[in-house]
Amino acid sequence: MGNILGLNTKTRDSIIEPDGMDWFKGLAWIAAGIVGISFIATSVSVLWKMIFVALGIVFWCIGGKWIGKYVSAYRAFRQFVPTWDQKRGMYDRFAQELNTWQQEGIVPTCCDGDTLYFLKLQKERLKKRGLTMTDRIMPAKGSGFGTAAISRKSPWYTTDMVYESIKRTIRFENSNGPVYEREVEQVMYEIIVHTPNDSQLTHITMTCPNCGAVSPVAALEEGCRYCGTRFKITDLFPRVVNLFFLKDKTTATISGMTGKTIFFSMLAVFLVEFACVLIGENGFLPAKLAVCFLAAGFCGGLLGLVLASLRLLVTLFDRDGMKPVSLFKWSSSKKKITNIMQKYDSNFSYDKFEGQIVALIRMAVFAEYPEKLACYRGGQRDDRFSNILEMTYTNATCLRKVRLEGNILHMSLRTWWINYSETQGKVHKTGDCIDVEVSRNVAIMEPPGFSITSVECPNCGGSFDVVRQKTCPYCGGEYHMENEGWVIDDMRLLR
Ligand SMILES: [Zn+2]
Ligand SMILES: [Zn+2]
């Protein structure tokens, strides 16, 4: 485990990708062997022929050994199936739970009520459209960074943003069979809260893992007011409070791509040179072959390197259909939002804010009746939102406008997504922007453990589901979520 600037990394038992250098070393020895053996076709004395042929065979053996080493490493890498390991901690446990949720419908236990509610909404939407989604998440193979975590300590608890490169198979099926399948390389982010501050347990609220009602953690330890279940602190923490995916290429894919490009450019240079040799005047064959090989090695190698760098550059700009985003606006937005919010909340963290906005948008997109959500006041929703089956946030949010009205801060944000939608039985991927107007009361600090699906009534303390009703069933008071967290005032789709 390493620690650089608050970033922890934990390696994963994985097979490393085959070393391309072994392959090229093998090729070089084989080329040298061919030069040696080509002495047969020359007019040198039999003794010299025998010496060079013998040397050539020795070189071939050495080359064969290197290539054999590469091929067996390549085979082992291909056959290796990485797995999640529960013992490694929460990140792996939740990843495994996500797989069993998608494949067998077993309800995850590591995450909070909001994340679970979102997963259920998504399943309902798919069901309504007669589709099933196979979403298989596996750790990426090769020499990646393993699992990385950035920790942030607040007065209430520590929040870890944990992420790792993953390979994900997304498949949509209807009754006739698969309608869409795609394998993607992404980074999966889990936001995990843990290590609560003992003196704050009466202030930190949490949704009951059993019934979903909101209670202070200390009350849950004594027995939930609503369902009576008693929890140990180890049942409640750590807990995954948000989950999202970002697109990314793995190290193994990039190095594999570089190696292939160099190999084919060397081969191309060699073939051109060799053709010239065949057409050209008779000469001393070993010398001509040696020149061909050297040219292939140096010129082809150099050309390959240039081409590989260009290809890499192209993949960096391959947005996978994502709409263009201004790098300047993106980086300045992060700074602006942080500066504005830190005036009201000294514990403000941009990552947490971003996670909340992502969760809010997903909730508003997947809800069957968004107007019933306490966190959505946008009125009639664009019909295309109800066709969306899966959303990948692409880590881009830009601040467009901000204004303060009394204690209510309004922000206009543009967010970038890659979405999978279904229309007329077909599933397609689109790069979308979603513009949202969000607002909240900045005079009231957000209570830790705030949920957008289940709340505690500020009047009577009763816990209720704000996904289905906006008034408290105990005292009848109207609930205003903007006093405790962000709400969406408007949401528009740009496709
Ligand atoms: Zn309960
Ligand atoms: Zn009430």
# chains A, B, ... in the order shown; residues from 1 in each chain; ligands from 1
call {"tool": "residues_around", "arguments": {"residues": "Leu201 of chain A", "least_positions_apart": "2", "cutoff": "6 Å", "atoms": "only C-alpha atoms", "output": "list in words"}}
result
Asp198, Ser199, His203, Ile204, Val217 and Ala218 of chain A
call {"tool": "write_last_selection", "arguments": {"atoms": "N, CA and C atoms", "output": "tab-separated table (two decimals), in the first residue's frame"}}
result
chain	number	residue	atom	x	y	z
A	198	ASP	N	-17.36	9.21	17.14
A	198	ASP	CA	-18.25	8.69	18.20
A	198	ASP	C	-19.10	9.77	18.87
A	199	SER	N	-18.52	10.97	19.05
A	199	SER	CA	-19.26	12.01	19.76
A	199	SER	C	-20.37	12.61	18.90
A	203	HIS	N	-25.94	12.96	15.96
A	203	HIS	CA	-26.23	13.94	14.90
A	203	HIS	C	-26.19	13.36	13.50
A	204	ILE	N	-25.41	12.31	13.33
A	204	ILE	CA	-25.32	11.72	11.99
A	204	ILE	C	-26.57	10.89	11.75
A	217	VAL	N	-27.68	7.72	13.94
A	217	VAL	CA	-26.95	6.45	14.07
A	217	VAL	C	-27.09	5.90	15.49
A	218	ALA	N	-27.02	6.80	16.51
A	218	ALA	CA	-27.11	6.36	17.90
A	218	ALA	C	-28.45	5.66	18.15
call {"tool": "residues_near_ligand", "arguments": {"ligand": "ligand 2", "cutoff": "8 Å", "atoms": "only C-alpha atoms and all ligand atoms", "output": "JSON, numbers by chain"}}
result
{"A": [456, 457, 458, 459, 460, 461, 462, 463, 471, 472, 473, 474, 475, 476, 477]}
call {"tool": "write_last_selection", "arguments": {"atoms": "N, CA, C and O atoms", "output": "PDB file, in the first residue's frame"}}
result
ATOM      1  N   GLU A 456     -36.092  13.011   7.500  1.00  0.00           N
ATOM      2  CA  GLU A 456     -36.628  13.159   8.838  1.00  0.00           C
ATOM      3  C   GLU A 456     -37.379  14.493   8.847  1.00  0.00           C
ATOM      4  O   GLU A 456     -36.819  15.529   8.476  1.00  0.00           O
ATOM      5  N   CYS A 457     -38.662  14.495   9.259  1.00  0.00           N
ATOM      6  CA  CYS A 457     -39.472  15.709   9.234  1.00  0.00           C
ATOM      7  C   CYS A 457     -38.908  16.735  10.217  1.00  0.00           C
ATOM      8  O   CYS A 457     -38.688  16.422  11.381  1.00  0.00           O
ATOM      9  N   PRO A 458     -38.652  17.964   9.740  1.00  0.00           N
ATOM     10  CA  PRO A 458     -38.083  18.976  10.642  1.00  0.00           C
ATOM     11  C   PRO A 458     -39.068  19.410  11.731  1.00  0.00           C
ATOM     12  O   PRO A 458     -38.660  19.914  12.767  1.00  0.00           O
ATOM     13  N   ASN A 459     -40.384  19.199  11.511  1.00  0.00           N
ATOM     14  CA  ASN A 459     -41.378  19.602  12.516  1.00  0.00           C
ATOM     15  C   ASN A 459     -41.523  18.586  13.629  1.00  0.00           C
ATOM     16  O   ASN A 459     -41.441  18.915  14.808  1.00  0.00           O
ATOM     17  N   CYS A 460     -41.770  17.318  13.242  1.00  0.00           N
ATOM     18  CA  CYS A 460     -42.117  16.328  14.259  1.00  0.00           C
ATOM     19  C   CYS A 460     -41.070  15.244  14.414  1.00  0.00           C
ATOM     20  O   CYS A 460     -41.170  14.416  15.318  1.00  0.00           O
ATOM     21  N   GLY A 461     -40.059  15.205  13.539  1.00  0.00           N
ATOM     22  CA  GLY A 461     -38.999  14.196  13.673  1.00  0.00           C
ATOM     23  C   GLY A 461     -39.348  12.852  13.072  1.00  0.00           C
ATOM     24  O   GLY A 461     -38.557  11.922  13.124  1.00  0.00           O
ATOM     25  N   GLY A 462     -40.549  12.742  12.502  1.00  0.00           N
ATOM     26  CA  GLY A 462     -40.945  11.477  11.889  1.00  0.00           C
ATOM     27  C   GLY A 462     -40.162  11.214  10.604  1.00  0.00           C
ATOM     28  O   GLY A 462     -39.809  12.147   9.887  1.00  0.00           O
ATOM     29  N   SER A 463     -39.895   9.956  10.317  1.00  0.00           N
ATOM     30  CA  SER A 463     -39.164   9.621   9.097  1.00  0.00           C
ATOM     31  C   SER A 463     -40.138   9.173   8.027  1.00  0.00           C
ATOM     32  O   SER A 463     -41.072   8.422   8.298  1.00  0.00           O
ATOM     33  N   THR A 471     -45.489  15.518   1.706  1.00  0.00           N
ATOM     34  CA  THR A 471     -45.954  15.975   3.026  1.00  0.00           C
ATOM     35  C   THR A 471     -45.729  14.875   4.051  1.00  0.00           C
ATOM     36  O   THR A 471     -45.815  13.689   3.740  1.00  0.00           O
ATOM     37  N   CYS A 472     -45.424  15.321   5.279  1.00  0.00           N
ATOM     38  CA  CYS A 472     -45.145  14.373   6.349  1.00  0.00           C
ATOM     39  C   CYS A 472     -46.420  13.636   6.751  1.00  0.00           C
ATOM     40  O   CYS A 472     -47.432  14.254   7.037  1.00  0.00           O
ATOM     41  N   PRO A 473     -46.411  12.297   6.758  1.00  0.00           N
ATOM     42  CA  PRO A 473     -47.623  11.547   7.105  1.00  0.00           C
ATOM     43  C   PRO A 473     -47.978  11.645   8.592  1.00  0.00           C
ATOM     44  O   PRO A 473     -49.092  11.300   8.983  1.00  0.00           O
ATOM     45  N   TYR A 474     -47.023  12.133   9.417  1.00  0.00           N
ATOM     46  CA  TYR A 474     -47.285  12.191  10.853  1.00  0.00           C
ATOM     47  C   TYR A 474     -47.925  13.522  11.272  1.00  0.00           C
ATOM     48  O   TYR A 474     -48.863  13.560  12.040  1.00  0.00           O
ATOM     49  N   CYS A 475     -47.360  14.629  10.733  1.00  0.00           N
ATOM     50  CA  CYS A 475     -47.883  15.927  11.169  1.00  0.00           C
ATOM     51  C   CYS A 475     -48.523  16.704  10.025  1.00  0.00           C
ATOM     52  O   CYS A 475     -49.100  17.765  10.238  1.00  0.00           O
ATOM     53  N   GLY A 476     -48.429  16.184   8.821  1.00  0.00           N
ATOM     54  CA  GLY A 476     -49.045  16.832   7.677  1.00  0.00           C
ATOM     55  C   GLY A 476     -48.292  18.036   7.127  1.00  0.00           C
ATOM     56  O   GLY A 476     -48.740  18.682   6.186  1.00  0.00           O
ATOM     57  N   GLY A 477     -47.137  18.344   7.724  1.00  0.00           N
ATOM     58  CA  GLY A 477     -46.354  19.490   7.268  1.00  0.00           C
ATOM     59  C   GLY A 477     -45.746  19.235   5.901  1.00  0.00           C
ATOM     60  O   GLY A 477     -45.359  18.108   5.583  1.00  0.00           O
TER      61      GLY A 477
END
call {"tool": "residues_around", "arguments": {"residues": "segment 420-437 of chain A", "least_positions_apart": "2", "cutoff": "6 Å", "atoms": "only C-alpha atoms", "output": "ChimeraX atom specification"}}
result
/A:321-323,387-390,411-418,488-495
call {"tool": "closest_atom_pairs", "arguments": {"of": "chain A", "to": "ligand 1", "cutoff": "7 Å", "atoms": "only C-alpha atoms and all ligand atoms", "output": "tab-separated table"}}
result
residue	atom	partner	partner_atom_place_in_ligand_line	distance
A:Cys208	CA	ligand 1	1 (Zn)	4.6
A:Pro209	CA	ligand 1	1 (Zn)	6.7
A:Asn210	CA	ligand 1	1 (Zn)	5.0
A:Cys211	CA	ligand 1	1 (Zn)	4.1
A:Gly212	CA	ligand 1	1 (Zn)	6.0
A:Ala213	CA	ligand 1	1 (Zn)	5.7
A:Cys224	CA	ligand 1	1 (Zn)	4.7
A:Arg225	CA	ligand 1	1 (Zn)	6.6
A:Tyr226	CA	ligand 1	1 (Zn)	5.0
A:Cys227	CA	ligand 1	1 (Zn)	4.1
A:Gly228	CA	ligand 1	1 (Zn)	6.1
A:Thr229	CA	ligand 1	1 (Zn)	5.8
call {"tool": "write_last_selection", "arguments": {"atoms": "N, CA, C and O atoms", "output": "CSV table (one decimal), in the first residue's frame"}}
result
chain,number,residue,atom,x,y,z
A,208,CYS,N,-32.2,3.4,7.7
A,208,CYS,CA,-32.1,2.1,8.3
A,208,CYS,C,-31.9,1.0,7.2
A,208,CYS,O,-32.7,1.0,6.3
A,209,PRO,N,-30.9,0.2,7.3
A,209,PRO,CA,-30.6,-0.8,6.3
A,209,PRO,C,-31.8,-1.8,6.1
A,209,PRO,O,-31.9,-2.5,5.1
A,210,ASN,N,-32.6,-1.9,7.2
A,210,ASN,CA,-33.7,-2.8,7.1
A,210,ASN,C,-35.0,-2.2,6.5
A,210,ASN,O,-35.6,-2.8,5.6
A,211,CYS,N,-35.4,-1.1,7.1
A,211,CYS,CA,-36.7,-0.5,6.6
A,211,CYS,C,-36.6,0.8,5.8
A,211,CYS,O,-37.5,1.2,5.2
A,212,GLY,N,-35.4,1.4,5.8
A,212,GLY,CA,-35.1,2.5,5.0
A,212,GLY,C,-35.5,3.8,5.7
A,212,GLY,O,-35.4,4.9,5.1
A,213,ALA,N,-36.0,3.8,6.9
A,213,ALA,CA,-36.4,5.1,7.6
A,213,ALA,C,-35.2,5.8,8.1
A,213,ALA,O,-34.1,5.1,8.3
A,224,CYS,N,-34.1,0.5,15.8
A,224,CYS,CA,-34.8,1.4,14.9
A,224,CYS,C,-36.2,1.7,15.4
A,224,CYS,O,-36.9,0.8,15.8
A,225,ARG,N,-36.5,3.0,15.4
A,225,ARG,CA,-37.8,3.4,15.9
A,225,ARG,C,-39.0,2.8,15.1
A,225,ARG,O,-40.1,2.8,15.5
A,226,TYR,N,-38.7,2.5,13.8
A,226,TYR,CA,-39.7,2.1,12.9
A,226,TYR,C,-39.9,0.6,12.8
A,226,TYR,O,-41.0,0.0,12.8
A,227,CYS,N,-38.7,-0.1,12.7
A,227,CYS,CA,-38.8,-1.6,12.6
A,227,CYS,C,-38.2,-2.4,13.7
A,227,CYS,O,-38.3,-3.6,13.8
A,228,GLY,N,-37.6,-1.6,14.7
A,228,GLY,CA,-37.1,-2.3,15.9
A,228,GLY,C,-35.8,-3.0,15.7
A,228,GLY,O,-35.2,-3.5,16.7
A,229,THR,N,-35.2,-3.0,14.5
A,229,THR,CA,-33.9,-3.7,14.3
A,229,THR,C,-32.8,-3.0,15.0
A,229,THR,O,-32.7,-1.8,14.9
call {"tool": "residues_around", "arguments": {"residues": "Phe39 of chain A", "least_positions_apart": "2", "cutoff": "8 Å", "atoms": "only C-alpha atoms", "output": "VMD selection string"}}
result
chain A and resid 35 to 37 41 to 42 44 49 52 to 53 285 to 286
call {"tool": "residues_around", "arguments": {"residues": "Asp248 of chain A", "least_positions_apart": "2", "cutoff": "12 Å", "atoms": "only C-alpha atoms", "output": "PyMOL selection string"}}
result
chain A and resi 140+144+163-168+184-188+245-246+250-254+315-320+392-395
call {"tool": "residues_around", "arguments": {"residues": "Ala73 of chain A", "least_positions_apart": "5", "cutoff": "9 Å", "atoms": "only C-alpha atoms", "output": "PDB file with N, CA, C and O atoms, in the first residue's frame"}}
result
ATOM      1  N   ILE A  15      -2.347 -10.890 -13.229  1.00  0.00           N
ATOM      2  CA  ILE A  15      -1.253 -11.302 -14.071  1.00  0.00           C
ATOM      3  C   ILE A  15      -0.868 -10.056 -14.854  1.00  0.00           C
ATOM      4  O   ILE A  15      -1.737  -9.296 -15.252  1.00  0.00           O
ATOM      5  N   ILE A  16       0.436  -9.785 -15.005  1.00  0.00           N
ATOM      6  CA  ILE A  16       0.777  -8.590 -15.761  1.00  0.00           C
ATOM      7  C   ILE A  16       0.761  -8.901 -17.263  1.00  0.00           C
ATOM      8  O   ILE A  16       0.904 -10.046 -17.668  1.00  0.00           O
ATOM      9  N   GLU A  17       0.541  -7.865 -18.048  1.00  0.00           N
ATOM     10  CA  GLU A  17       0.434  -8.068 -19.485  1.00  0.00           C
ATOM     11  C   GLU A  17       1.784  -8.539 -20.042  1.00  0.00           C
ATOM     12  O   GLU A  17       2.821  -8.234 -19.489  1.00  0.00           O
ATOM     13  N   PRO A  18       1.782  -9.325 -21.163  1.00  0.00           N
ATOM     14  CA  PRO A  18       3.043  -9.797 -21.731  1.00  0.00           C
ATOM     15  C   PRO A  18       3.937  -8.626 -22.128  1.00  0.00           C
ATOM     16  O   PRO A  18       3.447  -7.593 -22.571  1.00  0.00           O
ATOM     17  N   ASP A  19       5.248  -8.807 -21.956  1.00  0.00           N
ATOM     18  CA  ASP A  19       6.188  -7.732 -22.259  1.00  0.00           C
ATOM     19  C   ASP A  19       6.505  -7.726 -23.745  1.00  0.00           C
ATOM     20  O   ASP A  19       7.120  -8.656 -24.271  1.00  0.00           O
ATOM     21  N   GLY A  68       8.797 -17.690 -27.475  1.00  0.00           N
ATOM     22  CA  GLY A  68       8.050 -18.646 -26.646  1.00  0.00           C
ATOM     23  C   GLY A  68       7.655 -18.020 -25.321  1.00  0.00           C
ATOM     24  O   GLY A  68       6.520 -18.177 -24.859  1.00  0.00           O
ATOM     25  N   ARG A  78      -4.323 -13.862 -21.451  1.00  0.00           N
ATOM     26  CA  ARG A  78      -5.651 -13.957 -22.063  1.00  0.00           C
ATOM     27  C   ARG A  78      -6.575 -14.845 -21.258  1.00  0.00           C
ATOM     28  O   ARG A  78      -7.761 -14.576 -21.133  1.00  0.00           O
TER      29      ARG A  78
END
call {"tool": "select_by_dssp", "arguments": {"residues": "segment 246-478 of chain A", "states": "strand (DSSP E or B)", "output": "VMD selection string"}}
result
chain A and resid 246 to 247 376 388 to 405 408 to 423 426 to 441 454 to 456 463 to 465 471 478
call {"tool": "select_by_dssp", "arguments": {"residues": "segment 49-141 of chain A", "states": "helix (DSSP H, G or I)", "output": "PyMOL selection string"}}
result
chain A and resi 49-79+86-88+90-104+113-128
call {"tool": "residues_around", "arguments": {"residues": "Glu183 of chain A", "least_positions_apart": "4", "cutoff": "10 Å", "atoms": "only C-alpha atoms", "output": "VMD selection string"}}
result
chain A and resid 135 to 137 167 to 171
call {"tool": "write_last_selection", "arguments": {"atoms": "N, CA, C and O atoms", "output": "compact mmCIF listing (two decimals), in the first residue's frame"}}
result
# COMPACT_ATOMS: atom_id res chain seq x y z
N ASP A 135 -25.09 -6.58 -16.71
CA ASP A 135 -24.05 -5.59 -16.51
C ASP A 135 -22.99 -6.29 -15.68
O ASP A 135 -23.09 -6.39 -14.48
N ARG A 136 -22.00 -6.83 -16.39
CA ARG A 136 -20.97 -7.60 -15.68
C ARG A 136 -19.75 -6.71 -15.49
O ARG A 136 -19.20 -6.19 -16.45
N ILE A 137 -19.36 -6.54 -14.25
CA ILE A 137 -18.23 -5.68 -13.93
C ILE A 137 -17.07 -6.54 -13.43
O ILE A 137 -17.25 -7.34 -12.52
N LYS A 167 -13.45 -3.62 -16.45
CA LYS A 167 -13.97 -3.99 -17.75
C LYS A 167 -15.43 -4.32 -17.52
O LYS A 167 -15.76 -5.02 -16.57
N ARG A 168 -16.29 -3.80 -18.37
CA ARG A 168 -17.70 -3.93 -18.11
C ARG A 168 -18.39 -4.40 -19.38
O ARG A 168 -18.14 -3.88 -20.46
N THR A 169 -19.23 -5.41 -19.25
CA THR A 169 -20.02 -5.87 -20.38
C THR A 169 -21.45 -5.42 -20.14
O THR A 169 -22.06 -5.79 -19.15
N ILE A 170 -21.94 -4.59 -21.04
CA ILE A 170 -23.32 -4.13 -20.94
C ILE A 170 -24.11 -4.82 -22.04
O ILE A 170 -23.77 -4.69 -23.22
N ARG A 171 -25.12 -5.57 -21.65
CA ARG A 171 -25.92 -6.25 -22.66
C ARG A 171 -27.40 -6.08 -22.35
O ARG A 171 -27.82 -6.24 -21.22
call {"tool": "atom_distance", "arguments": {"atom1": "atom CA of Arg381 of chain A", "atom2": "atom CA of Arg440 of chain A"}}
result
20.7 Å
call {"tool": "closest_residue", "arguments": {"among": "A:Phe118, A:Trp84, A:Trp101, A:Phe274", "to": "Pro139 of chain A", "atoms": "only C-alpha atoms"}}
result
A:Trp84
call {"tool": "atom_distance", "arguments": {"atom1": "atom CA of Gly406 of chain A", "atom2": "atom CA of Ala374 of chain A"}}
result
20.9 Å
call {"tool": "closest_residue", "arguments": {"among": "A:Lys25, A:Arg93, A:Lys249, A:Arg129", "to": "Tyr70 of chain A", "atoms": "only C-alpha atoms"}}
result
A:Lys25
